[in-house]
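Visitor: Would you mind keeping the following structure in view while I ask a few things?
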Amino acid sequence: LEDYASLPLSSPTHAGKPPSAIDYMGQLGRVNSLRSEPADAQLSASRFFVEDQRGTLFILDKTTKKFTPYLNFAEIFPKFVSDTGNTSGIVSIVFDPGYAKNGKFYTVHVEKPDLEGSANPTNARLSTLNLDGYTTTISVTPPAGPVHFESVLIEWKDDNIRNATFEGTAREVLRVGFDRNHPIADLVFNRWPGRDMMTTGTCTLRSAMALKEKLRGPATPSRSDSIVCWEKS
Ligand SMILES: [Ca+2]
């Protein structure tokens with residue numbers, strides 16, 4: 001067991017605004033996930049994709065151990081928050097099984113819907129992000145209980161996966177409201193004959209259903225073991 005690499009220092013962000021200074025009294029960089037591109041991608045052997053929960057998706061060069069910012073969520077999504085407690089910010093990333101040819105990957109992040117203004121993303125700081133035709137989706141809200149946050153599933157398509165910059169498109173796939181602490185979690189693709197299914201371990205939808213039952217009658221423990229699948233379009 002040995003140190004491998006150190007993430008650049010970061011602090012929580014709020015409403016799309018990066019912190020004015022690093023808070024040295026807080027946690028200095030929070031890695032939420034580390035992923036390799038699919039093995040058939042040209043640069044897969046030389047780099048990892050690393051998420052800092054605070055708002056930046058990095059590319060980590062395995063040789064130099066250098067982190068290069070790839071997507072800054074705080075600069076793109078005006079209602080992005082990573083300072084609101086557990087499981088805020090960027091949560092997870094998964095590469096499309098066909099990534100080597102189509103450049104697609106998926107992320108989950110957290111937004112705070114009651115912030116002022118539009119939730120529409122902006123490319124003011126990333127002109128190579130093409131947002132033509134981008135639309136937010138209607139939030140799937142729980143049948144009972146408050147909604148303080150939303151989990152947002154984004155499909156990204158990088159037109160050139162042989163460099164360390166993003167140039168391509170984004171598409172919002174799903175937006176799910178939740179109270180606190182339980183956003184959509186990990187993402188996994190399952191390849192079945194003739195189709196790909198995306199699976200997410202999530203308590204958001206199931207917790208909401210359990211709460212609804214709890215209000216109706218006998219107490220039902222909140223389930224945190226549920227898996228939700230949908231077919232990728
Ligand atoms: Ca690129």
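Chains: A, B, ... in order of the structure tokens. Residues: from 1 per chain. Ligands: from 1, in order shown.
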Using only C-alpha atoms and all ligand atoms, what are the residues with an atom within 9 Å of ligand 1, set out as a PyMOL selection string?

Guide: chain A and resi 70+103+157-168

Visitor: With only C-alpha atoms as the counted atoms, please give the residues lying no more than 9 Å from Gly29 (chain A), apart from itself and same-chain residues fewer than 4 positions off, as a VMD selection string.

Guide: chain A and resid 6 to 12 52 to 54

Visitor: Sorted by chain and rising residue number, list the residues of region 16-87 of chain A at most 8 Å from region 122-126 of chain A (counting only C-alpha atoms), each with its closest atom pair and distance in Å to one decimal, as JSON lines.

Guide:
{"residue": "A:Glu75", "atom": "CA", "partner": "A:Arg125", "partner_atom": "CA", "distance": 6.6}
{"residue": "A:Ile76", "atom": "CA", "partner": "A:Thr122", "partner_atom": "CA", "distance": 5.0}
{"residue": "A:Phe77", "atom": "CA", "partner": "A:Thr122", "partner_atom": "CA", "distance": 6.6}
{"residue": "A:Pro78", "atom": "CA", "partner": "A:Thr122", "partner_atom": "CA", "distance": 7.7}

Visitor: List as a list of chain:residue names the protein and nucleic acid residues near Ser82 (chain A), meaning an atom at most 8 Å away when only C-alpha atoms are counted, but skip any in the same chain fewer than 6 places from it.

Guide: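 Near Ser82 (chain A), the qualifying residues are A:Pro12, A:Thr13, A:His14, A:Gln53, A:Arg54, A:Gly55, A:Ser88, A:Gly89, A:Ile90, A:Val110.
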
Visitor: Selected residues, C-alpha atoms, written as a PDB file, in the first residue's frame, please.

Guide:
ATOM      1  CA  PRO A  12     -16.896  22.994  -1.734  1.00  0.00           C
ATOM      2  CA  THR A  13     -18.762  25.052  -4.318  1.00  0.00           C
ATOM      3  CA  HIS A  14     -22.242  26.568  -4.255  1.00  0.00           C
ATOM      4  CA  GLN A  53     -16.826  15.611  -5.567  1.00  0.00           C
ATOM      5  CA  ARG A  54     -16.368  19.398  -5.265  1.00  0.00           C
ATOM      6  CA  GLY A  55     -16.974  19.896  -8.973  1.00  0.00           C
ATOM      7  CA  SER A  88     -23.603  16.326  -2.925  1.00  0.00           C
ATOM      8  CA  GLY A  89     -21.499  17.421  -5.892  1.00  0.00           C
ATOM      9  CA  ILE A  90     -20.320  14.969  -8.539  1.00  0.00           C
ATOM     10  CA  VAL A 110     -26.449  17.056  -7.517  1.00  0.00           C
TER      11      VAL A 110
END

Visitor: Can you tell me, as a short mmCIF file (atom, residue, chain, number, x, y, z; two decimals) with all heavy atoms, in the first residue's frame, what residues are no more than 9 Å from region 116-119 of chain A when counting only C-alpha atoms, ignoring any on the same chain fewer than 3 positions away?

Guide:
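Contents of out38.cif, as written:
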data_model
loop_
_atom_site.label_atom_id
_atom_site.label_comp_id
_atom_site.auth_asym_id
_atom_site.auth_seq_id
_atom_site.Cartn_x
_atom_site.Cartn_y
_atom_site.Cartn_z
N ALA A 15 -23.91 26.95 -5.97
CA ALA A 15 -24.59 27.68 -7.04
C ALA A 15 -23.65 27.99 -8.20
O ALA A 15 -23.67 29.08 -8.76
CB ALA A 15 -25.19 28.97 -6.49
N PHE A 77 -22.97 23.99 -14.63
CA PHE A 77 -24.34 23.86 -14.12
C PHE A 77 -24.58 24.90 -13.02
O PHE A 77 -24.02 24.81 -11.93
CB PHE A 77 -24.57 22.45 -13.58
CG PHE A 77 -24.39 21.38 -14.62
CD1 PHE A 77 -23.23 20.64 -14.69
CD2 PHE A 77 -25.39 21.14 -15.56
CE1 PHE A 77 -23.05 19.66 -15.66
CE2 PHE A 77 -25.22 20.16 -16.54
CZ PHE A 77 -24.05 19.43 -16.59
N PRO A 78 -25.46 25.91 -13.29
CA PRO A 78 -25.61 27.03 -12.34
C PRO A 78 -26.21 26.63 -11.00
O PRO A 78 -26.07 27.37 -10.03
CB PRO A 78 -26.52 28.01 -13.09
CG PRO A 78 -27.05 27.29 -14.27
CD PRO A 78 -26.20 26.10 -14.54
N LYS A 79 -26.87 25.48 -10.91
CA LYS A 79 -27.45 25.07 -9.63
C LYS A 79 -26.68 23.91 -8.99
O LYS A 79 -27.16 23.26 -8.07
CB LYS A 79 -28.93 24.70 -9.81
CG LYS A 79 -29.76 25.90 -10.26
CD LYS A 79 -31.24 25.68 -10.11
CE LYS A 79 -32.01 26.95 -10.49
NZ LYS A 79 -33.44 26.87 -10.15
N PHE A 80 -25.47 23.68 -9.49
CA PHE A 80 -24.61 22.64 -8.93
C PHE A 80 -24.17 23.04 -7.53
O PHE A 80 -23.76 24.17 -7.29
CB PHE A 80 -23.39 22.47 -9.83
CG PHE A 80 -22.37 21.47 -9.34
CD1 PHE A 80 -22.48 20.14 -9.67
CD2 PHE A 80 -21.31 21.88 -8.54
CE1 PHE A 80 -21.54 19.22 -9.21
CE2 PHE A 80 -20.37 20.98 -8.09
CZ PHE A 80 -20.49 19.64 -8.42
N GLU A 111 -27.94 18.92 -7.88
CA GLU A 111 -28.31 20.34 -8.00
C GLU A 111 -29.31 20.70 -6.90
O GLU A 111 -30.00 19.83 -6.37
CB GLU A 111 -28.91 20.62 -9.38
CG GLU A 111 -27.93 20.39 -10.51
CD GLU A 111 -28.46 20.85 -11.87
OE1 GLU A 111 -29.56 21.45 -11.93
OE2 GLU A 111 -27.77 20.58 -12.87
N PRO A 113 -32.59 22.74 -6.55
CA PRO A 113 -33.55 23.36 -7.46
C PRO A 113 -34.11 24.69 -6.98
O PRO A 113 -34.58 25.48 -7.80
CB PRO A 113 -34.67 22.30 -7.56
CG PRO A 113 -34.51 21.43 -6.37
CD PRO A 113 -33.06 21.45 -6.03
N THR A 136 -33.50 20.71 -20.16
CA THR A 136 -33.59 20.00 -18.89
C THR A 136 -34.84 19.12 -18.94
O THR A 136 -35.78 19.39 -19.68
CB THR A 136 -33.69 20.98 -17.71
OG1 THR A 136 -34.80 21.84 -17.92
CG2 THR A 136 -32.42 21.80 -17.58
#
